[in-house]
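**Student:** One structure, as structure tokens, below. Some questions next.
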Amino acid sequence: MLHLENCKICGTLFTSNGMFDICPYCKKQDDEVFERIREYLEQYPNSNILEVALNLDISVRRIKRYLRECRLQIVEKDNTFLLCKKCGQSIQSGEYCDSCIDNLYHDYKVAYKGRIVPVKEKFHYLPFINR
Ligand SMILES: [Zn+2]
Ligand SMILES: [Zn+2]
């Protein structure tokens, strides 16, 4: 379904198909920056976050976003840069550690166990405001 949405980066209204929360212009730029990082890392493997940020003039925040989006990953299992949003443990990419993902999934399975039936009669009650 197409709908209007504000771009998360530049704030412009754009027609979204629900796949991205950034506008086509920012998406294109974003992909280009990511491509630069990818090429840099091919040329200079074992670069760290700071080296990539400084040499490509990219903000550390942006690199962190790519890590959260699972487009990049930190080599060190034990880092203090990317932490699980739930328990704070070191992770290499994404938003949550493996055990929190398991738990979240389990929580959803429990939460979605409520059974559903169609509503027989629908009362649509709008309170009157008397002035
Ligand atoms: Zn934008
Ligand atoms: Zn966790």
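Here, A, B, ... name the chains of the structure tokens in the order displayed, residue numbers run from 1 inside each chain, and ligands are numbered from 1 in the same displayed order.
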Distance table requested - chain A against ligand 1, cut-off 8 Å, only C-alpha atoms and all ligand atoms: one row per qualifying residue with the closest atom pair and its distance in Å to one decimal, ordered by chain and rising residue number, as a tab-separated table.
**Tutor:**
residue	atom	partner	partner_atom_place_in_ligand_line	distance
A:Asn6	CA	ligand 1	1 (Zn)	7.9
A:Cys7	CA	ligand 1	1 (Zn)	4.6
A:Lys8	CA	ligand 1	1 (Zn)	6.6
A:Ile9	CA	ligand 1	1 (Zn)	5.1
A:Cys10	CA	ligand 1	1 (Zn)	4.1
A:Gly11	CA	ligand 1	1 (Zn)	5.9
A:Thr12	CA	ligand 1	1 (Zn)	5.6
A:Ile22	CA	ligand 1	1 (Zn)	5.3
A:Cys23	CA	ligand 1	1 (Zn)	4.2
A:Pro24	CA	ligand 1	1 (Zn)	6.8
A:Tyr25	CA	ligand 1	1 (Zn)	5.8
A:Cys26	CA	ligand 1	1 (Zn)	4.3
A:Lys27	CA	ligand 1	1 (Zn)	7.2
**Student:** I need the chosen residues saved as a PDB file, in the first residue's frame, with C-alpha atoms.
**Tutor:**
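This is the output file result-v4.pdb:
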ATOM      1  CA  ASN A   6       8.098  11.834   6.263  1.00  0.00           C
ATOM      2  CA  CYS A   7      11.668  10.913   5.397  1.00  0.00           C
ATOM      3  CA  LYS A   8      13.579   9.915   8.537  1.00  0.00           C
ATOM      4  CA  ILE A   9      16.680  11.739   7.331  1.00  0.00           C
ATOM      5  CA  CYS A  10      15.601  14.951   5.546  1.00  0.00           C
ATOM      6  CA  GLY A  11      11.950  15.146   6.647  1.00  0.00           C
ATOM      7  CA  THR A  12      10.532  15.502   3.116  1.00  0.00           C
ATOM      8  CA  ILE A  22      13.608   7.346   3.945  1.00  0.00           C
ATOM      9  CA  CYS A  23      12.856   9.169   0.679  1.00  0.00           C
ATOM     10  CA  PRO A  24      14.200   7.940  -2.685  1.00  0.00           C
ATOM     11  CA  TYR A  25      16.764  10.746  -2.774  1.00  0.00           C
ATOM     12  CA  CYS A  26      18.183   9.927   0.668  1.00  0.00           C
ATOM     13  CA  LYS A  27      17.977   6.215  -0.114  1.00  0.00           C
TER      14      LYS A  27
END
**Student:** Quick one: residues within 10 Å of ligand 2, with only C-alpha atoms and all ligand atoms, as a list of chain:residue names?
**Tutor:**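 The residues near ligand 2 are A:Leu83, A:Cys84, A:Lys85, A:Lys86, A:Cys87, A:Gly88, A:Gln89, A:Ser90, A:Ile91, A:Glu95, A:Tyr96, A:Cys97, A:Asp98, A:Ser99, A:Cys100, A:Ile101, A:Asp102, A:Asn103, A:Leu104.
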**Student:** I'd like the neighbourhood of region 52-60 of chain A as a VMD selection string, where a residue qualifies if any of its atoms comes within 10 Å (using only C-alpha atoms), though same-chain residues fewer than 4 positions away should be ignored.
**Tutor:** chain A and resid 33 to 34 36 to 37 40 to 41 44 47 to 48 64 to 66
**Student:** Convert the current residue selection to file output with N, CA and C atoms, as a CSV table (one decimal), in the first residue's frame.
**Tutor:**
chain,number,residue,atom,x,y,z
A,33,VAL,N,26.8,6.0,-0.2
A,33,VAL,CA,27.8,6.1,0.9
A,33,VAL,C,28.1,4.7,1.4
A,34,PHE,N,27.1,3.8,1.5
A,34,PHE,CA,27.4,2.4,1.9
A,34,PHE,C,28.4,1.7,0.9
A,36,ARG,N,30.6,3.2,-0.9
A,36,ARG,CA,32.0,3.7,-0.6
A,36,ARG,C,32.6,3.0,0.5
A,37,ILE,N,31.9,2.7,1.6
A,37,ILE,CA,32.4,2.0,2.7
A,37,ILE,C,32.8,0.6,2.3
A,40,TYR,N,35.9,0.7,0.3
A,40,TYR,CA,37.1,1.0,1.2
A,40,TYR,C,37.5,-0.2,2.0
A,41,LEU,N,36.5,-0.9,2.4
A,41,LEU,CA,36.9,-2.1,3.3
A,41,LEU,C,37.5,-3.2,2.4
A,44,TYR,N,41.0,-1.8,2.1
A,44,TYR,CA,41.7,-1.8,3.3
A,44,TYR,C,41.0,-2.7,4.3
A,47,SER,N,40.1,-2.4,8.7
A,47,SER,CA,40.0,-1.0,9.2
A,47,SER,C,39.0,-1.0,10.3
A,48,ASN,N,39.3,-0.1,11.2
A,48,ASN,CA,38.3,0.1,12.3
A,48,ASN,C,37.3,1.2,12.0
A,64,LYS,N,27.2,3.4,12.6
A,64,LYS,CA,26.4,2.7,13.6
A,64,LYS,C,25.0,2.2,13.0
A,65,ARG,N,24.4,3.1,12.2
A,65,ARG,CA,23.1,2.8,11.6
A,65,ARG,C,23.3,1.6,10.7
A,66,TYR,N,24.4,1.6,9.9
A,66,TYR,CA,24.6,0.5,9.0
A,66,TYR,C,24.8,-0.8,9.8
**Student:** So what do you get for CA of Asn17 (chain A) versus CA of Leu72 (chain A), distance-wise?
**Tutor:**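 We find that CA of Asn17 (chain A) and CA of Leu72 (chain A) lie 24.8 Å from each other.
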**Student:** Report, in Å with one decimal, the straight-line distance from CA of Met19 (chain A) to CA of Cys70 (chain A).
**Tutor:**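 A separation of 15.8 Å between them.
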